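Asker: My structure is below; once you've seen it, I'll send some questions.
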Amino acid sequence: MIESLDGIFETVNYKKSTNLKLYDNVQYEDYPMHWHPALEIIMPVQNGYVMKFSNSTVELREKDICIICPGCIHGISAPTTGRRIIFQPNTTYLRYMKEVEVLISLLSPYTVITPEEYPEIHSTLVETLIEIREEYLLGNSYAEVDIYSKFLNMLVLIGKNYTAPSNKVNDIGAGTREDYASKFLQICDYVNAHCTEDLKLNDVADMSGFSKFYFERLFKQFTGISFYKYVNQKRIARAQELLIEPGNSVTDVALNCGFMSISSFIRMFKLQTGCTPTEYKNMYWSTEQKTMIR
């Protein structure tokens, strides 16, 4: 269940003295459209589950795994009976590791892992999630460390076997794709670090050693989205961080995140988050004030 919801913003109440929250959920309960800063992993164990996103609906079967990245607006429709694992680890500090940050960018806003799409690792991920559930519920010494180590192993498996959703048919063989993975991880890392600057497709393509058109095609096959859409996703992610800092106006944030006009910033922010920058800022600080009063 959602314990703390203000508008569409959920404050994740982590288990005492940890940065983890897990529900072994059997309740017949729908979840309204909402978002939170925590990454969320949902896996139906018995019966299905229907996930609603801003522009799509996904029907999860038993053992399908849905990874919802921080800031993604989503809702859930539950069947009358069923059981599912809902796991919310705080990834704030993990994202100082560059490969974790890049992987979350690739999985954003959400990714569904099925046995058809990920046959080599799906069963291992299912088993690991069940192990995480048992460890969380037992609450033994060093449970948090054990759970994070299992979670990181999941990220490693997903990262090494990641396939962009649009990459059903492409012009890159498996071996060649493996060779390009390291290069495109470096490119994504560079974009993450410089997204607030005036990045040009031609310049980044030159860095990769590919022609503009070939780079553009490879980048989309690797990430699942176009180069400029990826840049804008990173700019909005950075804007979300700046908006919750005291004293930053919407105008300041827009300019500091590489947008040439306030209108384009507001339009892109609402397109990606479902709310305006001002609404986002107000929801966050309203929640913070209520927390301080408590």
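Residues are named by chain letter and number: chains run A, B, ... in the order of the structure tokens, numbers start at 1 in each chain, and ligands are numbered from 1 in the order shown.
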Determine, counting only C-alpha atoms, which protein, DNA and RNA residues have an atom within 9 Å of an atom of region 274-278 of chain A; residues of the same chain fewer than 4 positions away are not included. Present the result as a list of chain:residue names.

Answerer: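 Answer for this query is A:Ser54, A:Cys72, A:Ile73, A:Ala239, A:Gln240, A:Leu243, A:Ser249, A:Val250, A:Phe265, A:Ile266, A:Arg267, A:Phe269, A:Lys270, A:Asn282, A:Met283.
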
Asker: Show which residues sit within 8 Å of region 17-24 of chain A, as a list in words. Count only C-alpha atoms, and ignore same-chain residues fewer than 6 positions away.

Answerer: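 The residues that qualify are Arg83, Arg84, Ile85, Ile86, Phe87, Gln88, Pro89, Asn90, Arg133, Tyr136 and Glu144 of chain A.
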
Asker: Tell me which of A:Tyr49, A:Tyr190, A:Tyr96, A:Phe9 sits closest to Pro79 (chain A), counting only C-alpha atoms.

Answerer: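 Of A:Tyr49, A:Tyr190, A:Tyr96, A:Phe9, the one nearest Pro79 (chain A), counting only C-alpha atoms, is A:Tyr49.
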
Asker: Extract the full set of helix (DSSP H, G or I) residues from region 52-107 of chain A according to DSSP on the backbone, and format it as a ChimeraX atom specification.

Answerer: /A:94-96,98-107

Asker: Can I get the selected residues back with N, CA and C atoms, as a compact mmCIF listing (two decimals), in the first residue's frame?

Answerer:
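Writing the result to part.txt gives the following:
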# COMPACT_ATOMS: atom_id res chain seq x y z
N LEU A 94 24.10 4.53 -4.85
CA LEU A 94 24.60 3.59 -5.85
C LEU A 94 24.88 4.30 -7.17
N ARG A 95 24.15 5.37 -7.44
CA ARG A 95 24.27 6.03 -8.74
C ARG A 95 25.54 6.87 -8.86
N TYR A 96 26.33 6.92 -7.80
CA TYR A 96 27.67 7.50 -7.93
C TYR A 96 28.57 6.57 -8.74
N LYS A 98 29.26 5.01 -12.02
CA LYS A 98 28.86 5.47 -13.34
C LYS A 98 28.05 4.44 -14.11
N GLU A 99 28.41 3.18 -14.02
CA GLU A 99 27.69 2.16 -14.78
C GLU A 99 26.27 1.97 -14.26
N VAL A 100 26.07 2.15 -12.96
CA VAL A 100 24.72 2.08 -12.40
C VAL A 100 23.88 3.23 -12.93
N GLU A 101 24.44 4.42 -12.93
CA GLU A 101 23.73 5.59 -13.44
C GLU A 101 23.36 5.42 -14.91
N VAL A 102 24.30 4.92 -15.71
CA VAL A 102 24.02 4.71 -17.13
C VAL A 102 22.94 3.66 -17.32
N LEU A 103 23.00 2.56 -16.56
CA LEU A 103 22.01 1.50 -16.70
C LEU A 103 20.62 1.99 -16.34
N ILE A 104 20.49 2.76 -15.27
CA ILE A 104 19.19 3.31 -14.90
C ILE A 104 18.67 4.23 -16.00
N SER A 105 19.58 4.97 -16.63
CA SER A 105 19.18 5.82 -17.76
C SER A 105 18.64 4.98 -18.91
N LEU A 106 19.29 3.84 -19.17
CA LEU A 106 18.85 2.97 -20.27
C LEU A 106 17.50 2.33 -19.96
N LEU A 107 17.29 1.98 -18.70
CA LEU A 107 16.04 1.31 -18.32
C LEU A 107 14.88 2.29 -18.19

Asker: Run DSSP on the backbone and tell me which residues of region 20-229 of chain A come out as strand (DSSP E); list them as a ChimeraX atom specification.

Answerer: /A:20-25,31-34,40-46,49-53,56-60,65-68,74-77,83-89,110-113

Asker: Grab the residues selected above and save them as a PDB file, in the first residue's frame with C-alpha atoms.

Answerer:
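File out08.pdb, as written:
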ATOM      1  CA  LEU A  20      14.895  -0.534   1.738  1.00  0.00           C
ATOM      2  CA  LYS A  21      11.154  -1.132   1.468  1.00  0.00           C
ATOM      3  CA  LEU A  22       9.521  -4.378   0.391  1.00  0.00           C
ATOM      4  CA  TYR A  23       5.875  -5.485   0.282  1.00  0.00           C
ATOM      5  CA  ASP A  24       4.917  -9.147   0.112  1.00  0.00           C
ATOM      6  CA  ASN A  25       1.614  -7.944  -1.271  1.00  0.00           C
ATOM      7  CA  TYR A  31      -2.674   2.227  -6.768  1.00  0.00           C
ATOM      8  CA  PRO A  32      -3.442   5.668  -8.268  1.00  0.00           C
ATOM      9  CA  MET A  33      -1.036   7.401 -10.634  1.00  0.00           C
ATOM     10  CA  HIS A  34       1.981   8.480  -8.584  1.00  0.00           C
ATOM     11  CA  GLU A  40      10.829   0.105  -7.804  1.00  0.00           C
ATOM     12  CA  ILE A  41      10.821  -3.553  -8.872  1.00  0.00           C
ATOM     13  CA  ILE A  42       7.498  -5.377  -9.155  1.00  0.00           C
ATOM     14  CA  MET A  43       7.064  -9.087  -9.810  1.00  0.00           C
ATOM     15  CA  PRO A  44       3.711 -10.918  -9.661  1.00  0.00           C
ATOM     16  CA  VAL A  45       4.166 -14.287  -7.944  1.00  0.00           C
ATOM     17  CA  GLN A  46       0.557 -15.450  -8.240  1.00  0.00           C
ATOM     18  CA  TYR A  49      -0.836  -7.284 -12.480  1.00  0.00           C
ATOM     19  CA  VAL A  50      -1.649  -4.306 -14.703  1.00  0.00           C
ATOM     20  CA  MET A  51       0.797  -1.403 -14.780  1.00  0.00           C
ATOM     21  CA  LYS A  52      -0.355   1.985 -16.069  1.00  0.00           C
ATOM     22  CA  PHE A  53       2.103   4.577 -17.311  1.00  0.00           C
ATOM     23  CA  SER A  56       1.021   3.017 -22.084  1.00  0.00           C
ATOM     24  CA  THR A  57      -0.415   0.053 -20.183  1.00  0.00           C
ATOM     25  CA  VAL A  58       1.524  -3.151 -19.471  1.00  0.00           C
ATOM     26  CA  GLU A  59      -0.006  -6.448 -18.389  1.00  0.00           C
ATOM     27  CA  LEU A  60       2.447  -8.381 -16.239  1.00  0.00           C
ATOM     28  CA  ILE A  65       9.594  -8.319 -13.703  1.00  0.00           C
ATOM     29  CA  CYS A  66       8.886  -4.605 -14.102  1.00  0.00           C
ATOM     30  CA  ILE A  67      11.619  -2.126 -13.174  1.00  0.00           C
ATOM     31  CA  ILE A  68      10.257   1.385 -12.641  1.00  0.00           C
ATOM     32  CA  HIS A  74       2.713   5.006 -12.798  1.00  0.00           C
ATOM     33  CA  GLY A  75      -0.395   3.378 -11.396  1.00  0.00           C
ATOM     34  CA  ILE A  76      -1.450  -0.216 -10.743  1.00  0.00           C
ATOM     35  CA  SER A  77      -4.655  -2.212 -11.161  1.00  0.00           C
ATOM     36  CA  ARG A  83       0.492 -12.115  -4.688  1.00  0.00           C
ATOM     37  CA  ARG A  84       3.395  -9.968  -5.812  1.00  0.00           C
ATOM     38  CA  ILE A  85       6.735  -8.651  -4.622  1.00  0.00           C
ATOM     39  CA  ILE A  86       7.051  -4.850  -4.577  1.00  0.00           C
ATOM     40  CA  PHE A  87      10.648  -3.887  -3.817  1.00  0.00           C
ATOM     41  CA  GLN A  88      11.869  -0.289  -3.414  1.00  0.00           C
ATOM     42  CA  PRO A  89      15.618   0.140  -2.808  1.00  0.00           C
ATOM     43  CA  TYR A 110      10.515   1.550 -17.087  1.00  0.00           C
ATOM     44  CA  THR A 111      11.565  -1.840 -18.413  1.00  0.00           C
ATOM     45  CA  VAL A 112       9.799  -5.205 -18.353  1.00  0.00           C
ATOM     46  CA  ILE A 113      11.969  -8.311 -18.114  1.00  0.00           C
TER      47      ILE A 113
END

Asker: Under the rule that only C-alpha atoms are counted, which of A:Lys15, A:Ala254, A:Glu279, A:Leu185 is the nearest residue to Gly139 (chain A)?

Answerer: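 For Gly139 (chain A), the nearest of the candidates is A:Lys15.
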
Asker: When you look at Pro70 (chain A) with a cut-off of 8 Å (counting only C-alpha atoms), what residues show up, excluding the ones that are within fewer than 4 positions of it in the same chain? I need them as a list in words.

Answerer: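 Once the adjacent positions are removed, what remains is Trp35, His36, Pro37, Ala38, Leu39, Glu40 and Pro109 of chain A.
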
Asker: Produce a file of the selected residues containing C-alpha atoms, as a CSV table (one decimal), in the first residue's frame.

Answerer:
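See selection.csv below for the written result:
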chain,number,residue,atom,x,y,z
A,35,TRP,CA,5.8,8.8,-8.6
A,36,HIS,CA,8.6,8.6,-6.1
A,37,PRO,CA,12.4,9.1,-6.0
A,38,ALA,CA,13.0,5.4,-5.3
A,39,LEU,CA,13.6,2.8,-8.0
A,40,GLU,CA,10.8,0.1,-7.8
A,109,PRO,CA,11.3,5.2,-17.6

Asker: To one decimal in Å, tell me the separation between CA of Lys220 (chain A) and CA of Ile158 (chain A).

Answerer: 18.1 Å

Asker: Identify which of the residues A:Val191, A:Leu129, A:Arg217, A:Gly224 lies closest to Leu155 (chain A), counting only C-alpha atoms when measuring atom-to-atom distances.

Answerer: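 Selected residue with least distance to Leu155 (chain A): A:Leu129.
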
Asker: Give me, as a PyMOL selection string, all polymer residues having an atom no more than 12 Å from Asn232 (chain A), counting only C-alpha atoms and skipping those fewer than 3 positions away in the same chain.

Answerer: chain A and resi 105+191-192+194-199+225-229+235-239+254+257-259+264-265+267-269+271-272

Asker: For each of A:Asn256, A:Asn140, A:Thr11, A:Ser108, take the minimum atom-to-atom distance to Gln233 (chain A), counting only C-alpha atoms, then give the residue where this is smallest.

Answerer: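 Among the listed residues, the smallest separation from Gln233 (chain A) belongs to A:Ser108.
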
Asker: Region 122-128 of chain A: which residues within 9 Å, counting only C-alpha atoms, same-chain residues fewer than 6 positions away excluded, as a list in words?

Answerer: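 Near region 122-128 of chain A, the qualifying residues are Met43, Lys63, Asp64, Ile65, Ile113, Thr114, Pro115, Glu116, Lys150, Phe151, Asn153, Met154, Leu157 and Ile158 of chain A.
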
Asker: Take the selection from the previous step and output its residues with N, CA and C atoms, as a compact mmCIF listing (two decimals), in the first residue's frame.

Answerer:
# COMPACT_ATOMS: atom_id res chain seq x y z
N MET A 43 7.17 -7.78 -9.18
CA MET A 43 7.06 -9.09 -9.81
C MET A 43 5.84 -9.82 -9.27
N LYS A 63 5.71 -13.90 -12.75
CA LYS A 63 7.17 -13.93 -12.88
C LYS A 63 7.72 -12.91 -13.90
N ASP A 64 6.88 -12.12 -14.56
CA ASP A 64 7.40 -10.98 -15.31
C ASP A 64 7.90 -9.96 -14.30
N ILE A 65 8.99 -9.28 -14.63
CA ILE A 65 9.59 -8.32 -13.70
C ILE A 65 9.55 -6.93 -14.33
N ILE A 113 11.08 -7.19 -17.85
CA ILE A 113 11.97 -8.31 -18.11
C ILE A 113 11.14 -9.59 -18.12
N THR A 114 11.10 -10.24 -19.26
CA THR A 114 10.31 -11.46 -19.44
C THR A 114 11.23 -12.62 -19.81
N PRO A 115 10.76 -13.87 -19.67
CA PRO A 115 11.59 -15.01 -20.08
C PRO A 115 11.84 -15.03 -21.58
N GLU A 116 10.94 -14.43 -22.38
CA GLU A 116 11.14 -14.39 -23.82
C GLU A 116 12.22 -13.40 -24.22
N LYS A 150 22.69 -8.56 -3.44
CA LYS A 150 21.84 -9.31 -4.38
C LYS A 150 21.27 -8.37 -5.44
N PHE A 151 20.87 -7.19 -5.00
CA PHE A 151 20.31 -6.20 -5.94
C PHE A 151 21.36 -5.76 -6.96
N ASN A 153 23.90 -7.51 -7.94
CA ASN A 153 24.09 -8.63 -8.85
C ASN A 153 23.01 -8.66 -9.93
N MET A 154 21.80 -8.29 -9.55
CA MET A 154 20.72 -8.19 -10.53
C MET A 154 21.05 -7.13 -11.58
N LEU A 157 23.68 -8.42 -14.03
CA LEU A 157 23.11 -9.34 -15.02
C LEU A 157 22.30 -8.59 -16.07
N ILE A 158 21.49 -7.66 -15.62
CA ILE A 158 20.67 -6.89 -16.56
C ILE A 158 21.55 -6.05 -17.47
